[in-house]
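Asker: So that you have it, the file is query-v4.txt, and it contains compact mmCIF, C-alpha atoms and all ligand atoms:
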```
# COMPACT_ATOMS: atom_id res chain seq x y z
CA MET A 923 -26.96 3.61 20.27
CA SER A 924 -24.81 6.69 19.74
CA THR A 925 -23.10 7.38 16.42
CA PRO A 926 -19.65 5.76 16.26
CA LEU A 927 -17.02 8.44 16.88
CA ARG A 928 -15.19 7.68 13.64
CA ARG A 929 -16.77 5.95 10.71
CA VAL A 930 -16.04 4.90 7.20
CA LEU A 931 -19.16 4.84 5.05
CA VAL A 932 -18.71 2.51 2.12
CA SER A 933 -20.97 2.44 -0.91
CA SER A 934 -21.06 -1.03 -2.45
CA SER A 935 -23.18 0.32 -5.28
CA ALA A 936 -20.38 2.77 -6.14
CA ILE A 937 -17.92 -0.13 -6.34
CA GLN A 938 -20.39 -2.10 -8.47
CA ARG A 939 -20.90 0.85 -10.86
CA ASN A 940 -17.17 1.53 -11.06
CA VAL A 941 -16.54 -2.08 -12.03
CA GLU A 942 -19.35 -1.93 -14.62
CA ARG A 943 -17.79 1.25 -16.02
CA LEU A 944 -14.28 -0.24 -16.08
CA ARG A 945 -15.59 -3.38 -17.75
CA GLU A 946 -16.81 -1.23 -20.64
CA LEU A 947 -13.13 -0.65 -21.49
CA ALA A 948 -12.68 -4.33 -22.26
CA PRO A 949 -16.00 -6.16 -22.06
CA ALA A 950 -14.78 -9.26 -23.87
CA ILE A 951 -12.13 -10.25 -21.35
CA ASP A 952 -12.12 -11.25 -17.70
CA THR A 953 -12.01 -8.65 -14.95
CA MET A 954 -10.29 -9.36 -11.66
CA VAL A 955 -10.98 -6.97 -8.80
CA VAL A 956 -8.27 -6.81 -6.16
CA VAL A 957 -9.57 -6.75 -2.57
CA LYS A 958 -6.31 -7.25 -0.67
CA ALA A 959 -5.62 -5.19 2.47
CA ASN A 960 -9.26 -5.41 3.52
CA GLY A 961 -10.52 -4.27 0.14
CA TYR A 962 -8.15 -1.26 0.14
CA GLY A 963 -9.70 -0.34 3.49
CA HIS A 964 -13.29 -0.62 2.24
CA GLY A 965 -13.95 -4.13 3.64
CA SER A 966 -12.88 -7.14 1.59
CA GLU A 967 -16.13 -9.11 1.62
CA LEU A 968 -18.19 -6.03 0.74
CA ALA A 969 -15.76 -5.11 -2.05
CA ALA A 970 -15.67 -8.64 -3.45
CA ARG A 971 -19.46 -8.95 -3.52
CA ALA A 972 -19.87 -5.53 -5.14
CA ALA A 973 -17.18 -6.36 -7.71
CA LEU A 974 -18.84 -9.64 -8.64
CA ALA A 975 -22.20 -7.86 -8.94
CA GLY A 976 -20.47 -5.40 -11.30
CA GLY A 977 -19.28 -8.16 -13.60
CA ALA A 978 -15.89 -9.16 -12.19
CA SER A 979 -15.21 -12.85 -12.73
CA TRP A 980 -12.15 -13.08 -10.47
CA ILE A 981 -11.13 -11.69 -7.09
CA GLY A 982 -7.47 -11.03 -6.30
CA VAL A 983 -5.76 -10.87 -2.91
CA ALA A 984 -2.16 -10.89 -1.77
CA ASP A 985 -2.08 -13.84 0.61
CA ILE A 986 -3.89 -17.06 1.37
CA GLY A 987 -5.25 -15.77 4.70
CA GLU A 988 -7.11 -13.07 2.81
CA ALA A 989 -8.42 -15.62 0.30
CA LEU A 990 -9.68 -17.93 3.05
CA GLU A 991 -11.52 -15.04 4.71
CA LEU A 992 -13.46 -14.62 1.48
CA ARG A 993 -14.21 -18.33 1.34
CA ASP A 994 -15.34 -18.20 5.01
CA ALA A 995 -17.68 -15.36 4.02
CA GLY A 996 -19.24 -17.64 1.42
CA ILE A 997 -17.64 -16.19 -1.70
CA THR A 998 -17.30 -18.99 -4.21
CA ALA A 999 -15.94 -17.07 -7.24
CA PRO A 1000 -12.38 -17.74 -8.43
CA VAL A 1001 -9.89 -16.16 -6.01
CA LEU A 1002 -6.19 -15.71 -6.75
CA ALA A 1003 -3.57 -15.21 -3.97
CA TRP A 1004 0.01 -14.44 -5.02
CA LEU A 1005 2.21 -13.74 -1.98
CA HIS A 1006 3.33 -16.68 0.13
CA ALA A 1007 5.58 -17.42 3.10
CA ALA A 1008 8.78 -19.34 2.40
CA ASP A 1009 7.33 -22.34 4.27
CA GLU A 1010 3.73 -21.84 3.14
CA ASP A 1011 1.41 -24.80 3.60
CA PHE A 1012 -0.83 -24.85 0.54
CA ILE A 1013 -3.12 -27.70 1.66
CA GLU A 1014 -6.07 -25.65 2.89
CA ALA A 1015 -5.87 -23.18 0.01
CA ILE A 1016 -6.00 -26.05 -2.49
CA ALA A 1017 -8.83 -27.78 -0.62
CA ARG A 1018 -10.82 -24.54 -0.71
CA ASP A 1019 -10.18 -23.89 -4.37
CA VAL A 1020 -7.92 -20.85 -4.03
CA THR A 1021 -5.84 -20.32 -7.16
CA LEU A 1022 -2.20 -19.73 -6.31
CA GLY A 1023 0.07 -17.16 -7.93
CA ILE A 1024 3.42 -18.94 -7.89
CA SER A 1025 6.83 -17.25 -8.03
CA THR A 1026 9.41 -19.91 -7.13
CA ILE A 1027 10.39 -23.45 -8.04
CA ALA A 1028 10.08 -24.42 -4.36
CA GLN A 1029 6.47 -23.18 -4.34
CA LEU A 1030 5.68 -25.20 -7.48
CA ARG A 1031 6.97 -28.34 -5.75
CA ALA A 1032 5.15 -27.51 -2.51
CA VAL A 1033 1.85 -27.10 -4.37
CA ALA A 1034 2.35 -30.44 -6.14
CA LEU A 1035 3.19 -32.11 -2.82
CA ALA A 1036 0.17 -30.53 -1.14
CA GLY A 1037 -2.09 -32.37 -3.50
CA GLY A 1038 -1.90 -30.36 -6.69
CA GLY A 1039 -3.72 -27.10 -7.04
CA THR A 1040 -4.46 -24.58 -9.76
CA VAL A 1041 -1.70 -22.06 -10.31
CA HIS A 1042 -0.95 -18.88 -12.19
CA LEU A 1043 2.78 -18.63 -12.88
CA LYS A 1044 4.04 -15.22 -11.75
CA ILE A 1045 6.89 -13.84 -13.82
CA ASP A 1046 9.10 -10.90 -12.95
CA THR A 1047 9.22 -9.18 -16.33
CA GLY A 1048 11.17 -6.24 -14.95
CA LEU A 1049 9.39 -4.82 -11.89
CA GLY A 1050 12.08 -6.37 -9.71
CA ARG A 1051 9.64 -7.56 -7.07
CA ASN A 1052 7.50 -10.67 -6.72
CA GLY A 1053 7.57 -13.20 -9.58
CA VAL A 1054 10.23 -15.61 -10.76
CA GLY A 1055 13.46 -13.87 -11.73
CA ARG A 1056 15.27 -14.10 -15.07
CA GLU A 1057 17.97 -16.51 -13.86
CA GLN A 1058 15.47 -19.11 -12.60
CA LEU A 1059 12.95 -18.69 -15.40
CA ALA A 1060 13.99 -21.64 -17.62
CA GLU A 1061 14.04 -24.15 -14.76
CA PHE A 1062 10.80 -22.69 -13.35
CA LEU A 1063 8.99 -23.13 -16.67
CA ASP A 1064 10.43 -26.64 -17.13
CA THR A 1065 9.29 -27.63 -13.63
CA ALA A 1066 5.83 -26.09 -14.12
CA ALA A 1067 5.39 -27.80 -17.49
CA ALA A 1068 6.52 -31.17 -16.10
CA LEU A 1069 4.18 -30.97 -13.09
CA HIS A 1070 1.35 -29.83 -15.34
CA SER A 1071 1.84 -32.72 -17.78
CA SER A 1072 2.09 -35.26 -14.97
CA GLY A 1073 -1.18 -33.95 -13.50
CA ASP A 1074 0.50 -32.83 -10.26
CA LEU A 1075 -0.87 -29.32 -10.67
CA VAL A 1076 -2.77 -27.27 -13.23
CA VAL A 1077 -1.15 -24.25 -14.87
CA ASP A 1078 -4.23 -22.13 -15.47
CA GLY A 1079 -2.58 -18.70 -15.83
CA LEU A 1080 0.53 -16.68 -16.52
CA MET A 1081 0.82 -13.31 -14.81
CA SER A 1082 3.15 -10.38 -14.25
CA HIS A 1083 2.93 -6.81 -12.93
CA VAL A 1084 4.25 -3.63 -14.55
CA SER A 1085 6.10 -0.74 -12.96
CA GLY A 1086 4.18 2.18 -14.49
CA THR A 1087 7.46 4.01 -14.96
CA SER A 1088 6.67 4.94 -18.56
CA ARG A 1089 4.73 3.62 -21.51
CA ALA A 1090 7.96 2.30 -23.02
CA ALA A 1091 8.94 0.51 -19.80
CA ASP A 1092 5.51 -1.15 -19.51
CA LEU A 1093 5.53 -2.23 -23.16
CA ALA A 1094 9.03 -3.68 -22.71
CA GLN A 1095 7.72 -5.77 -19.80
CA ALA A 1096 4.80 -6.91 -21.96
CA GLU A 1097 7.26 -8.11 -24.63
CA ILE A 1098 9.06 -10.26 -22.09
CA PHE A 1099 5.66 -11.54 -20.95
CA VAL A 1100 4.74 -12.56 -24.49
CA ARG A 1101 8.11 -14.28 -24.98
CA THR A 1102 7.55 -16.20 -21.74
CA ARG A 1103 4.07 -17.24 -22.88
CA ASP A 1104 5.63 -18.54 -26.11
CA LEU A 1105 8.38 -20.40 -24.26
CA LEU A 1106 5.75 -22.07 -22.11
CA ALA A 1107 3.65 -22.93 -25.15
CA ALA A 1108 6.73 -24.57 -26.70
CA LYS A 1109 6.75 -26.84 -23.64
CA GLY A 1110 3.15 -27.79 -24.32
CA VAL A 1111 1.41 -25.52 -21.78
CA SER A 1112 -0.96 -22.74 -22.92
CA PRO A 1113 -2.70 -21.30 -19.86
CA THR A 1114 -6.20 -19.89 -20.21
CA HIS A 1115 -5.54 -16.68 -18.30
CA LEU A 1116 -2.84 -14.18 -19.26
CA HIS A 1117 -2.66 -11.00 -17.16
CA ILE A 1118 -0.18 -8.23 -16.53
CA ALA A 1119 -2.18 -4.99 -16.18
CA ALA A 1120 -3.45 -3.40 -12.96
CA SER A 1121 -5.63 -0.25 -13.04
CA ALA A 1122 -3.25 2.23 -14.70
CA ALA A 1123 -1.96 -0.12 -17.41
CA ALA A 1124 -5.41 -1.60 -18.05
CA ILE A 1125 -6.83 1.88 -18.64
CA ASP A 1126 -3.88 3.31 -20.59
CA HIS A 1127 -2.57 0.42 -22.69
CA PRO A 1128 -5.15 -1.73 -24.50
CA SER A 1129 -2.35 -3.99 -25.74
CA LEU A 1130 -1.55 -4.94 -22.14
CA ARG A 1131 -5.02 -6.27 -21.38
CA PHE A 1132 -4.41 -9.81 -22.69
CA THR A 1133 -7.20 -12.10 -21.38
CA MET A 1134 -7.73 -10.41 -18.01
CA VAL A 1135 -7.13 -7.09 -16.24
CA ARG A 1136 -6.72 -6.63 -12.49
CA PHE A 1137 -8.40 -3.53 -11.12
CA GLY A 1138 -7.61 -2.44 -7.59
CA ILE A 1139 -7.68 1.28 -6.89
CA ALA A 1140 -9.94 2.21 -9.83
CA ALA A 1141 -12.68 -0.16 -8.64
CA TYR A 1142 -12.88 1.92 -5.46
CA GLY A 1143 -13.38 5.06 -7.55
CA LEU A 1144 -9.90 6.43 -7.01
CA ALA A 1145 -7.46 7.43 -9.72
CA PRO A 1146 -4.31 5.27 -9.94
CA THR A 1147 -2.30 8.39 -10.82
CA THR A 1148 -3.14 12.06 -11.18
CA SER A 1149 -3.43 11.60 -14.96
CA HIS A 1150 -6.48 9.38 -14.41
CA LEU A 1151 -8.75 11.88 -12.67
CA GLU A 1152 -11.29 12.04 -15.52
CA LEU A 1153 -12.50 8.46 -15.55
CA GLY A 1154 -16.01 9.16 -14.29
CA LEU A 1155 -15.62 6.82 -11.32
CA THR A 1156 -17.25 7.43 -7.94
CA PRO A 1157 -15.21 7.25 -4.72
CA ALA A 1158 -16.77 4.47 -2.66
CA MET A 1159 -15.47 5.60 0.73
CA ARG A 1160 -16.38 8.52 2.95
CA PHE A 1161 -14.43 8.94 6.19
CA GLU A 1162 -16.37 10.91 8.77
CA SER A 1163 -16.05 11.90 12.38
CA SER A 1164 -17.86 14.32 14.66
CA ILE A 1165 -17.14 17.48 16.54
CA VAL A 1166 -16.74 16.63 20.22
CA ASN A 1167 -16.04 20.10 21.62
CA VAL A 1168 -16.05 23.72 20.47
CA LYS A 1169 -13.93 26.55 21.91
CA ARG A 1170 -13.43 30.24 21.35
CA LEU A 1171 -9.73 31.16 21.18
CA ALA A 1172 -8.11 34.54 21.67
CA ALA A 1173 -5.44 35.82 19.27
CA GLY A 1174 -2.15 34.20 20.22
CA ASP A 1175 -3.62 31.02 21.74
CA GLY A 1176 -1.67 27.94 20.67
CA VAL A 1177 -3.17 24.66 19.44
CA SER A 1178 -1.84 21.11 19.81
CA TYR A 1179 1.70 19.82 20.38
CA ASN A 1180 4.60 22.18 19.88
CA PHE A 1181 2.26 25.06 19.07
CA LEU A 1182 2.80 24.72 15.34
CA TRP A 1183 -0.20 27.02 15.01
CA THR A 1184 -1.36 29.92 17.12
CA ALA A 1185 -4.61 31.77 16.47
CA PRO A 1186 -3.82 34.91 14.46
CA THR A 1187 -7.09 36.51 15.60
CA GLU A 1188 -9.97 35.57 17.84
CA THR A 1189 -11.59 32.48 16.35
CA THR A 1190 -13.58 29.32 17.05
CA VAL A 1191 -11.97 25.89 16.91
CA ALA A 1192 -13.73 22.54 16.77
CA LEU A 1193 -12.18 19.43 18.24
CA VAL A 1194 -12.75 16.38 16.02
CA ALA A 1195 -12.41 12.80 17.23
CA ALA A 1196 -10.05 11.24 14.71
CA GLY A 1197 -6.28 11.20 14.52
CA TYR A 1198 -3.33 9.41 13.08
CA ALA A 1199 -4.22 6.18 14.90
CA ASP A 1200 -7.36 6.19 12.78
CA GLY A 1201 -5.48 6.73 9.54
CA ILE A 1202 -5.37 10.50 9.28
CA PRO A 1203 -1.80 11.00 8.07
CA ARG A 1204 0.24 13.00 10.57
CA ALA A 1205 2.35 14.16 7.64
CA ALA A 1206 -0.62 16.26 6.46
CA THR A 1207 -0.19 18.57 9.47
CA GLY A 1208 -0.36 22.21 8.39
CA ARG A 1209 -1.95 21.49 5.00
CA ALA A 1210 -5.13 19.46 5.54
CA GLU A 1211 -8.74 20.60 5.37
CA VAL A 1212 -12.04 18.98 6.33
CA GLU A 1213 -15.66 19.69 5.47
CA ILE A 1214 -18.42 20.71 7.87
CA ALA A 1215 -21.91 21.25 6.42
CA GLY A 1216 -20.48 21.53 2.91
CA VAL A 1217 -17.83 24.13 3.82
CA ARG A 1218 -14.07 23.48 3.91
CA PHE A 1219 -12.09 24.53 6.98
CA PRO A 1220 -8.37 24.13 7.75
CA VAL A 1221 -7.05 21.58 10.22
CA VAL A 1222 -4.74 23.56 12.49
CA GLY A 1223 -1.86 22.49 14.71
CA ARG A 1224 -0.22 19.09 14.90
CA ILE A 1225 -2.45 16.13 13.90
CA ALA A 1226 -2.52 14.00 17.06
CA MET A 1227 -3.20 10.32 17.71
CA ASP A 1228 -6.93 10.71 18.44
CA GLN A 1229 -7.80 14.27 17.60
CA ILE A 1230 -7.59 17.04 15.09
CA VAL A 1231 -8.49 20.69 15.61
CA VAL A 1232 -10.35 22.66 12.96
CA ASP A 1233 -10.38 26.44 12.71
CA VAL A 1234 -13.96 27.32 11.80
CA GLY A 1235 -13.58 31.10 12.19
CA ASP A 1236 -16.93 32.55 13.16
CA ALA A 1237 -19.02 29.69 11.73
CA LEU A 1238 -21.67 28.33 14.05
CA VAL A 1239 -20.82 24.70 14.74
CA THR A 1240 -21.78 22.51 17.67
CA ALA A 1241 -20.61 19.31 19.30
CA GLY A 1242 -22.14 16.41 17.42
CA ASP A 1243 -21.86 18.02 13.96
CA THR A 1244 -20.57 15.69 11.27
CA VAL A 1245 -17.11 16.31 9.85
CA GLY A 1246 -16.26 14.98 6.39
CA ILE A 1247 -12.61 14.04 6.40
CA TRP A 1248 -12.41 12.53 2.92
CA GLY A 1249 -14.89 11.25 0.39
CA ASP A 1250 -16.56 12.39 -2.81
CA PRO A 1251 -15.22 15.90 -3.57
CA THR A 1252 -18.38 16.80 -5.49
CA GLY A 1253 -20.06 17.29 -2.09
CA GLY A 1254 -17.29 19.60 -0.83
CA THR A 1255 -15.41 16.95 1.14
CA PRO A 1256 -11.69 16.70 0.44
CA SER A 1257 -10.84 13.81 -1.84
CA VAL A 1258 -8.56 10.93 -0.95
CA SER A 1259 -6.07 12.34 -3.46
CA ASP A 1260 -6.18 15.74 -1.66
CA TRP A 1261 -5.08 13.91 1.49
CA ALA A 1262 -2.46 12.01 -0.48
CA ASP A 1263 -1.07 15.34 -1.74
CA TRP A 1264 -1.14 16.92 1.72
CA ALA A 1265 0.71 13.94 3.18
CA ASP A 1266 3.06 13.59 0.21
CA THR A 1267 1.89 10.04 -0.51
CA ILE A 1268 -0.55 8.16 -2.78
CA SER A 1269 -4.27 7.43 -2.45
CA TYR A 1270 -3.53 3.73 -1.83
CA ASP A 1271 -1.64 4.65 1.33
CA ILE A 1272 -4.51 6.80 2.61
CA VAL A 1273 -7.35 4.27 2.22
CA THR A 1274 -5.37 1.25 3.42
CA GLY A 1275 -4.18 3.11 6.52
CA ILE A 1276 -7.51 3.28 8.33
CA GLY A 1277 -7.15 2.21 11.96
CA ASN A 1278 -8.89 -0.60 13.81
CA ARG A 1279 -11.21 1.53 15.91
CA VAL A 1280 -12.93 3.10 12.90
CA THR A 1281 -16.40 1.61 12.33
CA ARG A 1282 -17.19 0.56 8.75
CA ILE A 1283 -20.78 1.14 7.70
CA ASP A 1284 -22.12 -0.40 4.50
CA LEU A 1285 -24.31 2.17 2.76
CA SER A 1286 -25.11 -0.39 0.01
C1 LIG A 1301 -0.23 -8.14 -8.58
C2 LIG A 1301 -1.16 -6.98 -8.45
N1 LIG A 1301 -2.16 -6.84 -9.34
C3 LIG A 1301 -3.03 -5.82 -9.28
C4 LIG A 1301 -2.94 -4.88 -8.29
C5 LIG A 1301 -3.93 -3.74 -8.28
O1 LIG A 1301 -3.27 -2.54 -8.55
P1 LIG A 1301 -4.09 -1.18 -8.72
O2 LIG A 1301 -4.66 -0.90 -7.38
O3 LIG A 1301 -3.06 -0.18 -9.12
O4 LIG A 1301 -5.13 -1.42 -9.75
C6 LIG A 1301 -1.92 -4.97 -7.35
C7 LIG A 1301 -1.79 -3.95 -6.30
O5 LIG A 1301 -0.74 -3.54 -5.91
C8 LIG A 1301 -1.01 -6.06 -7.43
O6 LIG A 1301 -0.03 -6.21 -6.53
```
Rewrite the coordinates I just gave you, this time as structure tokens.
Answerer:
Amino acid sequence: MSTPLRRVLVSSSAIQRNVERLRELAPAIDTMVVVKANGYGHGSELAARAALAGGASWIGVADIGEALELRDAGITAPVLAWLHAADEDFIEAIARDVTLGISTIAQLRAVALAGGGTVHLKIDTGLGRNGVGREQLAEFLDTAAALHSSGDLVVDGLMSHVSGTSRAADLAQAEIFVRTRDLLAAKGVSPTHLHIAASAAAIDHPSLRFTMVRFGIAAYGLAPTTSHLELGLTPAMRFESSIVNVKRLAAGDGVSYNFLWTAPTETTVALVAAGYADGIPRAATGRAEVEIAGVRFPVVGRIAMDQIVVDVGDALVTAGDTVGIWGDPTGGTPSVSDWADWADTISYDIVTGIGNRVTRIDLS
């Protein structure tokens, strides 16, 4: 069988080691690893298994569909799903032991009606996104406490999510979180799991770790922000393609749509089979580089749907040569954060944007 044209090589052992390393920050508490959006593009089952091998005790996903895929794959560890449709049917999730992050009074009632599941109450402490808002909080806590005491559901956790705007802003959210925990305790409910910190807050603010931290991006070896580049984590994903054609250009020859680039001198260009449909951000046009045999070369001309063109100068390259698009920068390949910079976005956007026709290969 020929090599797949575009491939993502994923190292589960890198994910496992990253989780082991992150667990050293707070070994006494629970670690959740977030594998939503197909494990941030790495493959959700692979990521979940590697995370559990690295010491995670919980897996987090956004929605119930993602949680059920993990159950279908045979993953039996605790799984939390926190984003639900307005008319969500919780029956299957409850039957398959998916813990539900709950943000509305209607959801609390729906869970109770569906047979009573295990829930983590999700509080908006200031992010202004998912989680129960300030004006519904009192009634939400009353309803949760009543349903918990009547045995109609089990309140097993209290959770929130911080904005990362500043240390002060995150600590202010944590104060609201603590006050909510105390309000709930006054109603007779003291959940086992208290969690508010994702990668950046878990690394930066020990006081925000509570009983559990939720690592997403860091588990994949990527820095949550540029201030976290020195964590000693290993990127778990390498995105590769191959040269499919090589041409000699004369000075003045144009390349790709709208001739954004014309060859300044005679040069060799390599055509590479990957484009924006595969997740290479079109916005990186004019800035991106790739690696061929350990050497970086510029991507020239407009990034197209299926193809990019690389100016290799006078280097000897041939059709079939491997092209490193992103991966571990220690080997010369651009990093995911290089691509994020070139496309004026964040690493999360790069790894979750990989297209359907890219083959994932588990390197283990
Ligand atoms: C509720 C929640 N927790 C944790 C995470 C993981 O965040 P990160 O990838 O920054 O660690 C996310 C991701 O957006 C999230 O929505």
Asker: Please compute the atom CA of Tyr962 of chain A-atom CA of Phe1161 of chain A distance, one decimal, in Å.
Answerer: 13.4 Å
Asker: What lies within 9 Å of Ile1272 of chain A using only C-alpha atoms, ignoring chain neighbours under 6 positions off, as JSON, numbers by chain?
Answerer: {"A": [963, 1201, 1202, 1203, 1258, 1259, 1261, 1262, 1265]}
Asker: Kindly assemble as a tab-separated table a list of the chain A residues that lie within 8 Å of ligand LIG 1301 (chain A), each paired with its nearest atom pair and their distance in Å to one decimal, using all atoms listed in the file, sorted first by chain and then by ascending residue number.
Answerer:
```
residue	atom	partner	partner_atom	distance
A:Val955	CA	A:LIG1301	C5	7.8
A:Val956	CA	A:LIG1301	C5	5.7
A:Lys958	CA	A:LIG1301	C7	7.9
A:Gly982	CA	A:LIG1301	N1	7.4
A:Ala984	CA	A:LIG1301	O6	7.0
A:Trp1004	CA	A:LIG1301	C1	7.2
A:Ser1082	CA	A:LIG1301	C1	7.0
A:His1083	CA	A:LIG1301	C1	5.5
A:Ile1118	CA	A:LIG1301	N1	7.6
A:Ala1119	CA	A:LIG1301	C3	7.0
A:Ala1120	CA	A:LIG1301	O4	4.1
A:Ser1121	CA	A:LIG1301	O4	3.5
A:Ala1122	CA	A:LIG1301	O3	6.1
A:Arg1136	CA	A:LIG1301	C3	5.0
A:Phe1137	CA	A:LIG1301	O4	4.1
A:Gly1138	CA	A:LIG1301	O2	3.3
A:Ile1139	CA	A:LIG1301	O2	3.8
A:Ala1140	CA	A:LIG1301	O4	6.0
A:Ala1141	CA	A:LIG1301	O4	7.7
A:Pro1146	CA	A:LIG1301	O3	5.7
A:Tyr1270	CA	A:LIG1301	O2	7.3
```
Asker: Please measure the separation of atom CA of Arg1031 of chain A and atom CA of Thr953 of chain A, giving the value in Å to one decimal.
Answerer: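 Answer for the atom CA of Arg1031 of chain A to atom CA of Thr953 of chain A separation: 28.9 Å.
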Asker: Which residues are near segment 1181-1185 of chain A? Cut-off 10 Å, all atoms listed in the file, ignore same chain within fewer than 3 positions. Put them as a PyMOL selection string.
Answerer: chain A and resi 1171-1178+1188-1191+1207-1208+1221-1224+1233+1235
Asker: So which one's closest to Ala1094 of chain A, A:Ala1123, A:Ser1129, A:Pro1157, A:Gly1048? Using only C-alpha atoms, please.
Answerer: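 Looking at the shortest contact to Ala1094 of chain A, the residue is A:Gly1048.
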Asker: As an exercise, work out the distance from atom CA of Arg945 of chain A to atom CA of Leu1049 of chain A in Å and give it to one decimal place.
Answerer: 25.7 Å
Asker: Pick from A:Ala972, A:Ala1017, A:Ala1007, A:Ala1196: nearest to Arg993 of chain A, with all atoms listed in the file counted?
Answerer: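 Ranking A:Ala972, A:Ala1017, A:Ala1007, A:Ala1196 by distance to Arg993 of chain A, first place goes to A:Ala1017.
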Asker: So, with all atoms listed in the file as the atoms that count, which of A:Ile1225, A:Ala969, A:Phe1062, A:Arg1103 lies closest to Ser933 of chain A?
Answerer: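 Answer, going by the shortest atom-to-atom distance: A:Ala969.
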Asker: Which residue out of A:Glu1162, A:Asp1228, A:Asp952, A:Asp1092 has the minimum interatomic distance to Val932 of chain A when all atoms listed in the file are used?
Answerer: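 Distance minimum relative to Val932 of chain A lands on A:Glu1162.
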Asker: Which of these residues is nearest to Val1041 of chain A, using only C-alpha atoms: A:Ala1090, A:Ala978, A:Leu1116, A:Ala1008?
Answerer: A:Leu1116
Asker: Using all atoms listed in the file, which residues sit within 6 Å of Val1194 of chain A once same-chain residues fewer than 6 positions away are excluded, as a VMD selection string?
Answerer: chain A and resid 1164 to 1166 1229 to 1230
